[in-house]
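Student: I have a structure I would like to understand better, so I am pasting it below and will then ask my questions one at a time.
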Amino acid sequence: MDYLYLLLGLVILLYSGDLLVKGGVALAAHFKISTLVVGVTVVSFGTSAPELLVSLNAALTGSPDISIGNVVGSNIANIALVLGFTAILLPLPVRSNSIKYDWPFMMGASVLFYLFVLNQYLESYEGIIFVILLIVFMVWTVWKSRKQNKEFSEKIPTAKYSIIIALGLILASSVGLYFGANLLVDSAKNIAIRFGVSERVIGLTIVAFGTSVPELATSGVAAFKKEMDISIGNIIGSNIFNILGVLGVTSIIKKIFVSKEIISFDILMMLGISFLLFILILPLRKGKLHRWKGVLLLSFYLIYIYLVFKQI
């Protein structure tokens with residue numbers, strides 16, 4: 001039954017995250033909030049909500065390795081698996097902003113995360129710093145985009161639902177996220193115990209992959225449709241939200257213990273794949289994530305998963 005609960009938890013999380021985005025966008029439309037602000041706030045939070053609820057639930061129930069492993073594993077999967085798979089289907093153009101602004105901010109947040117956990121704990125005050133940095137990033141992103149394209153930034157989305165329905169969707173999604181996170185974390189812990197696999201491995205692989213499914217599915221479908229608005233910046237933004245938002249909020253509520261294995265191996269692998277992405281998206285002008293680069297990224301992910309399970 002644990003496998004069924006694991007799958008059910010994933011499905012509930014994915015569906016609830018989608019409902020949260022729909023309800024949030026509709027509510028924002030009623031309050032005349034621009035599409036740009038909606039994208040940076042509501043949509044970004046909605047897609048990171050599964051990671052947040054899973055990490056928070058794991059931390060509160062005494063499973064810090066699942067909490068940290070979920071974020072670290074998701075960030076590795078977003079770059080190596082999602083971008084790698086998508087680039088194989090459809091070579092991705094690289095916008096200069098991704099190199100100039102988004103990547104440095106993601107790398108800075110990742111390095112700061114590494115420095116913070118060297119003492120094996122992510123403290124509450126460090127979480128506050130993360131959340132402040134996230135707010136700065138969001139405000140700066142909105143300001144920068146409005147400055148570059150004022151007409152787009154002022155476009156107001158059309159409300160597809162009434163305010164009552166939008167609030168109902170948000171409420172329903174919140175309940176779904178709560179129960180989905182409970183099912184996912186509890187079943188993952190039971191499976192780990194049954195097979196003698198550490199919670200770190202479960203968090204870095206199964207749980208992290210599950211919470212990265214929305215990005216993978218969305219990018220894959222867009223690639224098949226040859227929609228060129230797939231953005232490397234979106235994936236980088238998701239990684240920034242995972243570190244600053246998910247771990248920031250979670251550590252404010254409860255100090256998180258970080259195992260030596262995650263510090264000495266997994267976080268370093270996350271930093272390594274982040275730096276590799278920077279090399280692959282150069283040059284600054286007319287850069288492109290070609291198919292061979294996608295193969296390289298995907299190969300990195302498979303090697304990483306192999307090494308994680310080899311340590312069992």
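Residues are named by chain letter and number: chains run A, B, ... in the order of the structure tokens, numbers start at 1 in each chain, and ligands are numbered from 1 in the order shown.
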Write out, as a Markdown table, each residue of range 197-267 of chain A that has an atom at most 9 Å from range 60-80 of chain A, together with the closest pair of atoms and their distance in Å to one decimal, counting only C-alpha atoms, rows going by chain and rising number.

Tutor:
| residue | atom | partner | partner_atom | distance |
| --- | --- | --- | --- | --- |
| A:Ser198 | CA | A:Asp65 | CA | 8.5 |
| A:Glu199 | CA | A:Ile66 | CA | 5.7 |
| A:Arg200 | CA | A:Asp65 | CA | 4.7 |
| A:Val201 | CA | A:Gly69 | CA | 7.6 |
| A:Ile202 | CA | A:Ile66 | CA | 6.9 |
| A:Gly203 | CA | A:Ile66 | CA | 4.2 |
| A:Leu204 | CA | A:Gly73 | CA | 4.4 |
| A:Thr205 | CA | A:Gly73 | CA | 6.5 |
| A:Ile206 | CA | A:Asn70 | CA | 8.7 |
| A:Val207 | CA | A:Asn70 | CA | 5.9 |
| A:Ala208 | CA | A:Asn70 | CA | 4.6 |
| A:Phe209 | CA | A:Ser74 | CA | 6.4 |
| A:Gly210 | CA | A:Ser74 | CA | 8.6 |
| A:Thr211 | CA | A:Ser74 | CA | 6.9 |
| A:Ser212 | CA | A:Ser74 | CA | 5.8 |
| A:Glu215 | CA | A:Asn78 | CA | 7.3 |
| A:Leu216 | CA | A:Asn78 | CA | 7.7 |
| A:Ile232 | CA | A:Ile79 | CA | 8.8 |
| A:Ile235 | CA | A:Asn78 | CA | 6.3 |
| A:Ile236 | CA | A:Ile79 | CA | 7.9 |
| A:Ser238 | CA | A:Asn75 | CA | 8.0 |
| A:Asn239 | CA | A:Asn75 | CA | 5.4 |
| A:Ile240 | CA | A:Asn75 | CA | 8.8 |
| A:Asn242 | CA | A:Val71 | CA | 6.0 |
| A:Ile243 | CA | A:Val71 | CA | 6.9 |
| A:Val246 | CA | A:Val71 | CA | 7.7 |
| A:Leu247 | CA | A:Val71 | CA | 7.7 |
| A:Thr250 | CA | A:Ser67 | CA | 8.7 |
| A:Ile253 | CA | A:Leu60 | CA | 8.6 |
| A:Lys254 | CA | A:Leu60 | CA | 7.0 |
| A:Ile256 | CA | A:Pro64 | CA | 6.1 |
| A:Phe257 | CA | A:Pro64 | CA | 5.8 |
| A:Val258 | CA | A:Asp65 | CA | 6.7 |
| A:Ser259 | CA | A:Asp65 | CA | 7.0 |
| A:Ile262 | CA | A:Gly69 | CA | 7.5 |
| A:Asp266 | CA | A:Val72 | CA | 7.0 |
| A:Ile267 | CA | A:Val72 | CA | 6.5 |

Student: Please dump the current selection as a CSV table (one decimal), in the first residue's frame; keep N, CA, C and O atoms.

Tutor:
chain,number,residue,atom,x,y,z
A,198,SER,N,18.3,4.7,3.0
A,198,SER,CA,18.3,5.9,3.9
A,198,SER,C,17.2,6.9,3.4
A,198,SER,O,16.9,6.9,2.2
A,199,GLU,N,16.8,7.7,4.3
A,199,GLU,CA,15.8,8.8,3.9
A,199,GLU,C,16.5,9.8,3.0
A,199,GLU,O,15.8,10.4,2.1
A,200,ARG,N,17.8,9.9,3.1
A,200,ARG,CA,18.5,10.8,2.2
A,200,ARG,C,18.4,10.3,0.7
A,200,ARG,O,18.1,11.2,-0.2
A,201,VAL,N,18.5,9.0,0.5
A,201,VAL,CA,18.4,8.5,-0.9
A,201,VAL,C,17.0,8.7,-1.4
A,201,VAL,O,16.8,9.1,-2.5
A,202,ILE,N,16.0,8.4,-0.6
A,202,ILE,CA,14.6,8.5,-1.0
A,202,ILE,C,14.3,10.0,-1.3
A,202,ILE,O,13.7,10.3,-2.3
A,203,GLY,N,14.8,10.9,-0.5
A,203,GLY,CA,14.5,12.3,-0.7
A,203,GLY,C,15.2,12.8,-2.0
A,203,GLY,O,14.6,13.6,-2.7
A,204,LEU,N,16.4,12.4,-2.2
A,204,LEU,CA,17.2,12.9,-3.4
A,204,LEU,C,16.7,12.3,-4.7
A,204,LEU,O,16.9,12.9,-5.7
A,205,THR,N,16.0,11.1,-4.6
A,205,THR,CA,15.7,10.5,-5.9
A,205,THR,C,14.1,10.5,-6.1
A,205,THR,O,13.6,11.2,-6.9
A,206,ILE,N,13.4,9.6,-5.4
A,206,ILE,CA,12.0,9.4,-5.6
A,206,ILE,C,11.2,10.7,-5.3
A,206,ILE,O,10.4,11.2,-6.2
A,207,VAL,N,11.4,11.3,-4.1
A,207,VAL,CA,10.7,12.5,-3.7
A,207,VAL,C,11.1,13.7,-4.6
A,207,VAL,O,10.2,14.4,-5.1
A,208,ALA,N,12.4,13.9,-4.8
A,208,ALA,CA,12.8,15.0,-5.7
A,208,ALA,C,12.3,14.8,-7.1
A,208,ALA,O,11.9,15.8,-7.7
A,209,PHE,N,12.4,13.6,-7.7
A,209,PHE,CA,11.9,13.4,-9.0
A,209,PHE,C,10.4,13.7,-9.1
A,209,PHE,O,9.9,14.4,-10.0
A,210,GLY,N,9.7,13.3,-8.1
A,210,GLY,CA,8.2,13.5,-8.1
A,210,GLY,C,7.8,14.9,-8.1
A,210,GLY,O,6.9,15.4,-8.8
A,211,THR,N,8.6,15.7,-7.3
A,211,THR,CA,8.2,17.2,-7.2
A,211,THR,C,8.8,17.9,-8.4
A,211,THR,O,8.5,19.1,-8.6
A,212,SER,N,9.6,17.3,-9.2
A,212,SER,CA,10.1,17.9,-10.5
A,212,SER,C,9.3,17.5,-11.7
A,212,SER,O,9.5,18.0,-12.8
A,215,GLU,N,7.7,20.4,-13.9
A,215,GLU,CA,8.6,21.1,-14.8
A,215,GLU,C,8.9,20.2,-16.0
A,215,GLU,O,9.0,20.6,-17.2
A,216,LEU,N,9.1,18.9,-15.7
A,216,LEU,CA,9.5,18.0,-16.8
A,216,LEU,C,8.4,17.8,-17.8
A,216,LEU,O,8.6,17.8,-19.0
A,232,ILE,N,15.2,28.8,-20.1
A,232,ILE,CA,16.2,28.3,-19.2
A,232,ILE,C,16.0,29.2,-17.9
A,232,ILE,O,16.2,28.7,-16.8
A,235,ILE,N,13.6,27.6,-15.3
A,235,ILE,CA,14.2,26.6,-14.5
A,235,ILE,C,15.1,27.1,-13.4
A,235,ILE,O,15.1,26.7,-12.3
A,236,ILE,N,15.9,28.1,-13.8
A,236,ILE,CA,16.8,28.7,-12.9
A,236,ILE,C,16.0,29.4,-11.8
A,236,ILE,O,16.3,29.3,-10.6
A,238,SER,N,13.1,28.5,-10.7
A,238,SER,CA,12.5,27.5,-9.9
A,238,SER,C,13.5,27.1,-8.8
A,238,SER,O,13.2,26.8,-7.7
A,239,ASN,N,14.8,26.9,-9.3
A,239,ASN,CA,15.9,26.6,-8.3
A,239,ASN,C,16.1,27.6,-7.2
A,239,ASN,O,16.3,27.3,-6.1
A,240,ILE,N,16.0,28.9,-7.7
A,240,ILE,CA,16.1,30.0,-6.7
A,240,ILE,C,15.0,29.9,-5.7
A,240,ILE,O,15.2,30.0,-4.5
A,242,ASN,N,13.3,27.2,-4.8
A,242,ASN,CA,13.5,26.1,-4.0
A,242,ASN,C,14.4,26.3,-2.8
A,242,ASN,O,14.1,25.9,-1.6
A,243,ILE,N,15.5,27.0,-3.1
A,243,ILE,CA,16.5,27.3,-2.0
A,243,ILE,C,16.0,28.4,-1.1
A,243,ILE,O,15.9,28.2,0.2
A,246,VAL,N,11.6,27.6,-0.3
A,246,VAL,CA,11.2,26.4,0.4
A,246,VAL,C,12.1,26.2,1.6
A,246,VAL,O,11.5,26.0,2.7
A,247,LEU,N,13.4,26.2,1.5
A,247,LEU,CA,14.2,26.0,2.6
A,247,LEU,C,14.2,27.2,3.6
A,247,LEU,O,14.3,27.1,4.8
A,250,THR,N,10.8,26.8,5.5
A,250,THR,CA,10.9,25.6,6.4
A,250,THR,C,11.8,25.8,7.6
A,250,THR,O,11.5,25.5,8.7
A,253,ILE,N,10.5,28.0,10.4
A,253,ILE,CA,9.5,27.3,11.3
A,253,ILE,C,10.2,26.3,12.2
A,253,ILE,O,9.9,26.1,13.3
A,254,LYS,N,11.2,25.6,11.6
A,254,LYS,CA,12.0,24.6,12.4
A,254,LYS,C,13.4,24.5,11.9
A,254,LYS,O,13.6,24.3,10.7
A,256,ILE,N,16.7,23.0,10.6
A,256,ILE,CA,16.8,21.8,9.9
A,256,ILE,C,18.2,21.2,10.1
A,256,ILE,O,19.2,21.9,9.8
A,257,PHE,N,18.3,20.0,10.4
A,257,PHE,CA,19.6,19.2,10.5
A,257,PHE,C,20.0,18.8,9.1
A,257,PHE,O,19.2,18.3,8.3
A,258,VAL,N,21.3,18.9,8.7
A,258,VAL,CA,21.8,18.5,7.4
A,258,VAL,C,22.9,17.5,7.6
A,258,VAL,O,23.9,17.8,8.3
A,259,SER,N,22.7,16.4,7.1
A,259,SER,CA,23.7,15.3,7.2
A,259,SER,C,25.0,15.6,6.5
A,259,SER,O,25.1,16.4,5.5
A,262,ILE,N,25.1,14.7,2.7
A,262,ILE,CA,24.5,15.7,1.8
A,262,ILE,C,25.4,16.9,1.6
A,262,ILE,O,25.5,17.5,0.5
A,266,ASP,N,26.2,15.7,-2.1
A,266,ASP,CA,25.0,16.1,-2.9
A,266,ASP,C,25.0,17.6,-3.2
A,266,ASP,O,24.7,18.0,-4.3
A,267,ILE,N,25.2,18.4,-2.2
A,267,ILE,CA,25.2,19.9,-2.4
A,267,ILE,C,26.4,20.3,-3.4
A,267,ILE,O,26.2,21.1,-4.2

Student: Using only C-alpha atoms, which residues sit within 12 Å of Trp292 in chain A once same-chain residues fewer than 6 positions away are excluded, as a list of chain:residue names?

Tutor: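 Once the nearby chain positions are removed, what remains is A:Leu83, A:Gly84, A:Phe85, A:Thr86, A:Ala87, A:Ile88, A:Leu89, A:Leu90, A:Pro91, A:Leu92, A:Leu280, A:Leu298, A:Ser299.
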
Student: Once you have the residues from the selection above, write them out as an mmCIF file, in the first residue's frame, restricted to C-alpha atoms.

Tutor:
data_model
loop_
_atom_site.group_PDB
_atom_site.id
_atom_site.type_symbol
_atom_site.label_atom_id
_atom_site.label_comp_id
_atom_site.auth_asym_id
_atom_site.auth_seq_id
_atom_site.Cartn_x
_atom_site.Cartn_y
_atom_site.Cartn_z
ATOM 1 C CA LEU A 83 16.757 20.929 -19.238
ATOM 2 C CA GLY A 84 18.738 17.969 -20.557
ATOM 3 C CA PHE A 85 15.637 16.078 -21.728
ATOM 4 C CA THR A 86 14.048 19.213 -23.185
ATOM 5 C CA ALA A 87 17.201 20.248 -25.060
ATOM 6 C CA ILE A 88 17.366 16.798 -26.674
ATOM 7 C CA LEU A 89 13.807 17.265 -27.948
ATOM 8 C CA LEU A 90 14.215 20.926 -28.869
ATOM 9 C CA PRO A 91 17.489 22.912 -28.695
ATOM 10 C CA LEU A 92 16.844 25.880 -26.400
ATOM 11 C CA LEU A 280 27.031 25.221 -21.612
ATOM 12 C CA LEU A 298 21.049 13.960 -18.911
ATOM 13 C CA SER A 299 24.132 11.730 -18.653
#

Student: With only C-alpha atoms as the counted atoms, please give the residues lying no more than 9 Å from Tyr15 in chain A, apart from itself and same-chain residues fewer than 4 positions off, as a VMD selection string.

Tutor: chain A and resid 10 to 11 19 to 20 173 176 to 177

Student: Mind dumping the selected residues with all heavy atoms as a PDB file, in the first residue's frame?

Tutor:
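Okay, again-v3.pdb is ready:
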ATOM      1  N   LEU A  10       1.819  11.918  -4.811  1.00  0.00           N
ATOM      2  CA  LEU A  10       2.378  12.686  -5.929  1.00  0.00           C
ATOM      3  C   LEU A  10       1.271  13.295  -6.791  1.00  0.00           C
ATOM      4  O   LEU A  10       1.333  14.472  -7.162  1.00  0.00           O
ATOM      5  CB  LEU A  10       3.272  11.781  -6.793  1.00  0.00           C
ATOM      6  CG  LEU A  10       4.670  11.482  -6.257  1.00  0.00           C
ATOM      7  CD1 LEU A  10       5.353  10.454  -7.142  1.00  0.00           C
ATOM      8  CD2 LEU A  10       5.505  12.756  -6.194  1.00  0.00           C
ATOM      9  N   VAL A  11       0.273  12.479  -7.119  1.00  0.00           N
ATOM     10  CA  VAL A  11      -0.836  12.947  -7.961  1.00  0.00           C
ATOM     11  C   VAL A  11      -1.580  14.094  -7.280  1.00  0.00           C
ATOM     12  O   VAL A  11      -1.895  15.109  -7.914  1.00  0.00           O
ATOM     13  CB  VAL A  11      -1.813  11.788  -8.268  1.00  0.00           C
ATOM     14  CG1 VAL A  11      -3.069  12.316  -8.960  1.00  0.00           C
ATOM     15  CG2 VAL A  11      -1.130  10.744  -9.152  1.00  0.00           C
ATOM     16  N   LEU A  19      -4.158  23.588  -9.283  1.00  0.00           N
ATOM     17  CA  LEU A  19      -5.330  24.335  -8.806  1.00  0.00           C
ATOM     18  C   LEU A  19      -4.918  25.641  -8.142  1.00  0.00           C
ATOM     19  O   LEU A  19      -5.581  26.672  -8.308  1.00  0.00           O
ATOM     20  CB  LEU A  19      -6.120  23.491  -7.803  1.00  0.00           C
ATOM     21  CG  LEU A  19      -6.967  22.337  -8.344  1.00  0.00           C
ATOM     22  CD1 LEU A  19      -7.705  21.652  -7.197  1.00  0.00           C
ATOM     23  CD2 LEU A  19      -7.962  22.821  -9.394  1.00  0.00           C
ATOM     24  N   LEU A  20      -3.814  25.607  -7.406  1.00  0.00           N
ATOM     25  CA  LEU A  20      -3.334  26.812  -6.734  1.00  0.00           C
ATOM     26  C   LEU A  20      -2.960  27.889  -7.749  1.00  0.00           C
ATOM     27  O   LEU A  20      -3.283  29.065  -7.565  1.00  0.00           O
ATOM     28  CB  LEU A  20      -2.129  26.471  -5.852  1.00  0.00           C
ATOM     29  CG  LEU A  20      -1.523  27.640  -5.073  1.00  0.00           C
ATOM     30  CD1 LEU A  20      -2.537  28.237  -4.111  1.00  0.00           C
ATOM     31  CD2 LEU A  20      -0.275  27.181  -4.313  1.00  0.00           C
ATOM     32  N   SER A 173      -6.823  23.592  -3.003  1.00  0.00           N
ATOM     33  CA  SER A 173      -5.433  23.249  -3.307  1.00  0.00           C
ATOM     34  C   SER A 173      -4.595  23.186  -2.035  1.00  0.00           C
ATOM     35  O   SER A 173      -3.714  22.330  -1.901  1.00  0.00           O
ATOM     36  CB  SER A 173      -4.833  24.263  -4.284  1.00  0.00           C
ATOM     37  OG  SER A 173      -4.699  25.543  -3.688  1.00  0.00           O
ATOM     38  N   GLY A 176      -5.363  19.959  -0.378  1.00  0.00           N
ATOM     39  CA  GLY A 176      -4.746  18.891  -1.159  1.00  0.00           C
ATOM     40  C   GLY A 176      -3.247  18.825  -0.964  1.00  0.00           C
ATOM     41  O   GLY A 176      -2.667  17.728  -0.831  1.00  0.00           O
ATOM     42  N   LEU A 177      -2.596  19.978  -0.931  1.00  0.00           N
ATOM     43  CA  LEU A 177      -1.151  20.015  -0.726  1.00  0.00           C
ATOM     44  C   LEU A 177      -0.783  19.446   0.641  1.00  0.00           C
ATOM     45  O   LEU A 177       0.212  18.726   0.786  1.00  0.00           O
ATOM     46  CB  LEU A 177      -0.633  21.456  -0.855  1.00  0.00           C
ATOM     47  CG  LEU A 177      -0.590  22.027  -2.272  1.00  0.00           C
ATOM     48  CD1 LEU A 177      -0.355  23.524  -2.241  1.00  0.00           C
ATOM     49  CD2 LEU A 177       0.488  21.339  -3.104  1.00  0.00           C
TER      50      LEU A 177
END

Student: Could you tell me how far CA of Val131 in chain A lies from CA of Glu51 in chain A, in Å and to one decimal?

Tutor: 15.4 Å

Student: Could you pull out all residues of range 110-268 of chain A with a DSSP call of alpha helix (DSSP H) and give them as a ChimeraX atom specification?

Tutor: /A:110-116,124-148,150-153,163-195,199-202,208-224,232-240,248-253,260-261,267-268

Student: Please report the interatomic distance between CA of Gly168 in chain A and CA of Gly24 in chain A in Å with one decimal.

Tutor: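 It comes out at 10.4 Å.
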
Student: In Å to one decimal, how far is CA of Val94 in chain A from CA of Ile281 in chain A?

Tutor: 6.4 Å

Student: Within range 16-141 of chain A, find each residue whose DSSP state, derived from the backbone, is strand (DSSP E), and express the selection as a list of chain:residue names.

Tutor: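 Here is the list: A:Leu92, A:Pro93, A:Tyr121, A:Leu122.
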
Student: Write the residues of the preceding selection, restricted to N, CA and C atoms, as an mmCIF file, in the first residue's frame.

Tutor:
data_model
loop_
_atom_site.group_PDB
_atom_site.id
_atom_site.type_symbol
_atom_site.label_atom_id
_atom_site.label_comp_id
_atom_site.auth_asym_id
_atom_site.auth_seq_id
_atom_site.Cartn_x
_atom_site.Cartn_y
_atom_site.Cartn_z
ATOM 1 N N LEU A 92 17.411 24.705 -27.050
ATOM 2 C CA LEU A 92 16.844 25.880 -26.400
ATOM 3 C C LEU A 92 17.706 27.117 -26.598
ATOM 4 N N PRO A 93 17.102 28.206 -27.066
ATOM 5 C CA PRO A 93 17.844 29.465 -27.149
ATOM 6 C C PRO A 93 18.104 30.004 -25.752
ATOM 7 N N TYR A 121 23.543 22.561 10.235
ATOM 8 C CA TYR A 121 22.203 23.063 10.552
ATOM 9 C C TYR A 121 21.870 24.265 9.680
ATOM 10 N N LEU A 122 20.596 24.339 9.286
ATOM 11 C CA LEU A 122 20.079 25.542 8.648
ATOM 12 C C LEU A 122 19.214 26.222 9.694
#

Student: Please determine, counting only C-alpha atoms, which residue among A:Ala166, A:Gly248, A:Phe265, A:Asn190 has the shortest atom-to-atom distance to Leu307 in chain A.

Tutor: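 The shortest atom-to-atom distance to Leu307 in chain A comes from A:Phe265.
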
Student: Any idea what's packed within 12 Å of Val175 in chain A, counting only C-alpha atoms, ignoring anything in its chain fewer than 4 positions away? Could you give it as JSON, numbers by chain?

Tutor: {"A": [12, 13, 15, 16, 17, 19, 20, 49, 50, 53, 168, 169, 170, 171, 179, 180, 181, 182]}

Student: Quick one: residues within 10 Å of Asp102 in chain A, only C-alpha atoms, excluding same-chain residues fewer than 3 positions away - as a PyMOL selection string?

Tutor: chain A and resi 96-99+105-108+137+141+232-237+240

Student: Export, as an mmCIF file, in the first residue's frame, the selected residues with N, CA, C and O atoms.

Tutor:
data_model
loop_
_atom_site.group_PDB
_atom_site.id
_atom_site.type_symbol
_atom_site.label_atom_id
_atom_site.label_comp_id
_atom_site.auth_asym_id
_atom_site.auth_seq_id
_atom_site.Cartn_x
_atom_site.Cartn_y
_atom_site.Cartn_z
ATOM 1 N N SER A 96 20.056 36.441 -22.872
ATOM 2 C CA SER A 96 21.206 37.037 -22.187
ATOM 3 C C SER A 96 20.927 37.278 -20.704
ATOM 4 O O SER A 96 21.835 37.195 -19.868
ATOM 5 N N ASN A 97 19.656 37.549 -20.366
ATOM 6 C CA ASN A 97 19.316 37.784 -18.959
ATOM 7 C C ASN A 97 19.606 36.566 -18.093
ATOM 8 O O ASN A 97 19.924 36.692 -16.908
ATOM 9 N N SER A 98 19.474 35.369 -18.701
ATOM 10 C CA SER A 98 19.722 34.144 -17.947
ATOM 11 C C SER A 98 21.174 34.063 -17.498
ATOM 12 O O SER A 98 21.486 33.535 -16.436
ATOM 13 N N ILE A 99 22.068 34.587 -18.347
ATOM 14 C CA ILE A 99 23.497 34.558 -18.027
ATOM 15 C C ILE A 99 23.889 35.747 -17.154
ATOM 16 O O ILE A 99 24.652 35.615 -16.195
ATOM 17 N N PHE A 105 22.480 34.862 -9.669
ATOM 18 C CA PHE A 105 21.674 34.879 -8.444
ATOM 19 C C PHE A 105 21.458 33.463 -7.938
ATOM 20 O O PHE A 105 21.542 33.208 -6.729
ATOM 21 N N MET A 106 21.170 32.525 -8.846
ATOM 22 C CA MET A 106 20.987 31.130 -8.441
ATOM 23 C C MET A 106 22.274 30.569 -7.846
ATOM 24 O O MET A 106 22.246 29.901 -6.795
ATOM 25 N N MET A 107 23.403 30.847 -8.496
ATOM 26 C CA MET A 107 24.681 30.329 -8.010
ATOM 27 C C MET A 107 25.026 30.940 -6.659
ATOM 28 O O MET A 107 25.520 30.249 -5.761
ATOM 29 N N GLY A 108 24.751 32.235 -6.515
ATOM 30 C CA GLY A 108 25.010 32.892 -5.241
ATOM 31 C C GLY A 108 24.181 32.308 -4.117
ATOM 32 O O GLY A 108 24.683 32.069 -3.008
ATOM 33 N N PHE A 137 14.789 39.454 -4.857
ATOM 34 C CA PHE A 137 14.862 38.904 -6.210
ATOM 35 C C PHE A 137 13.553 39.115 -6.965
ATOM 36 O O PHE A 137 13.556 39.505 -8.141
ATOM 37 N N THR A 141 13.163 41.495 -10.150
ATOM 38 C CA THR A 141 12.755 40.876 -11.419
ATOM 39 C C THR A 141 11.586 41.629 -12.038
ATOM 40 O O THR A 141 11.570 41.890 -13.249
ATOM 41 N N ILE A 232 15.181 28.811 -20.118
ATOM 42 C CA ILE A 232 16.161 28.333 -19.153
ATOM 43 C C ILE A 232 16.031 29.153 -17.876
ATOM 44 O O ILE A 232 16.207 28.657 -16.769
ATOM 45 N N GLY A 233 15.659 30.416 -18.060
ATOM 46 C CA GLY A 233 15.461 31.292 -16.912
ATOM 47 C C GLY A 233 14.369 30.797 -15.980
ATOM 48 O O GLY A 233 14.438 30.992 -14.763
ATOM 49 N N ASN A 234 13.339 30.139 -16.535
ATOM 50 C CA ASN A 234 12.264 29.606 -15.698
ATOM 51 C C ASN A 234 12.768 28.501 -14.766
ATOM 52 O O ASN A 234 12.376 28.417 -13.600
ATOM 53 N N ILE A 235 13.623 27.635 -15.313
ATOM 54 C CA ILE A 235 14.189 26.557 -14.506
ATOM 55 C C ILE A 235 15.119 27.124 -13.445
ATOM 56 O O ILE A 235 15.111 26.708 -12.279
ATOM 57 N N ILE A 236 15.930 28.099 -13.837
ATOM 58 C CA ILE A 236 16.826 28.750 -12.880
ATOM 59 C C ILE A 236 16.008 29.424 -11.784
ATOM 60 O O ILE A 236 16.336 29.343 -10.595
ATOM 61 N N GLY A 237 14.908 30.077 -12.184
ATOM 62 C CA GLY A 237 14.031 30.720 -11.215
ATOM 63 C C GLY A 237 13.426 29.720 -10.243
ATOM 64 O O GLY A 237 13.294 29.996 -9.048
ATOM 65 N N ILE A 240 15.968 28.886 -7.656
ATOM 66 C CA ILE A 240 16.094 29.982 -6.693
ATOM 67 C C ILE A 240 14.972 29.907 -5.667
ATOM 68 O O ILE A 240 15.191 30.045 -4.461
#

Student: Calculated over only C-alpha atoms, which of the candidates A:Ile128, A:Ala159, A:Val54, A:Val295 has the smallest distance to Leu184 in chain A?

Tutor: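 Answer, going by the shortest atom-to-atom distance: A:Val54.
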
Student: Counting only C-alpha atoms, which residue out of A:Ile305, A:Tyr101, A:Trp140, A:Leu277 sits closest to Leu289 in chain A?

Tutor: A:Leu277
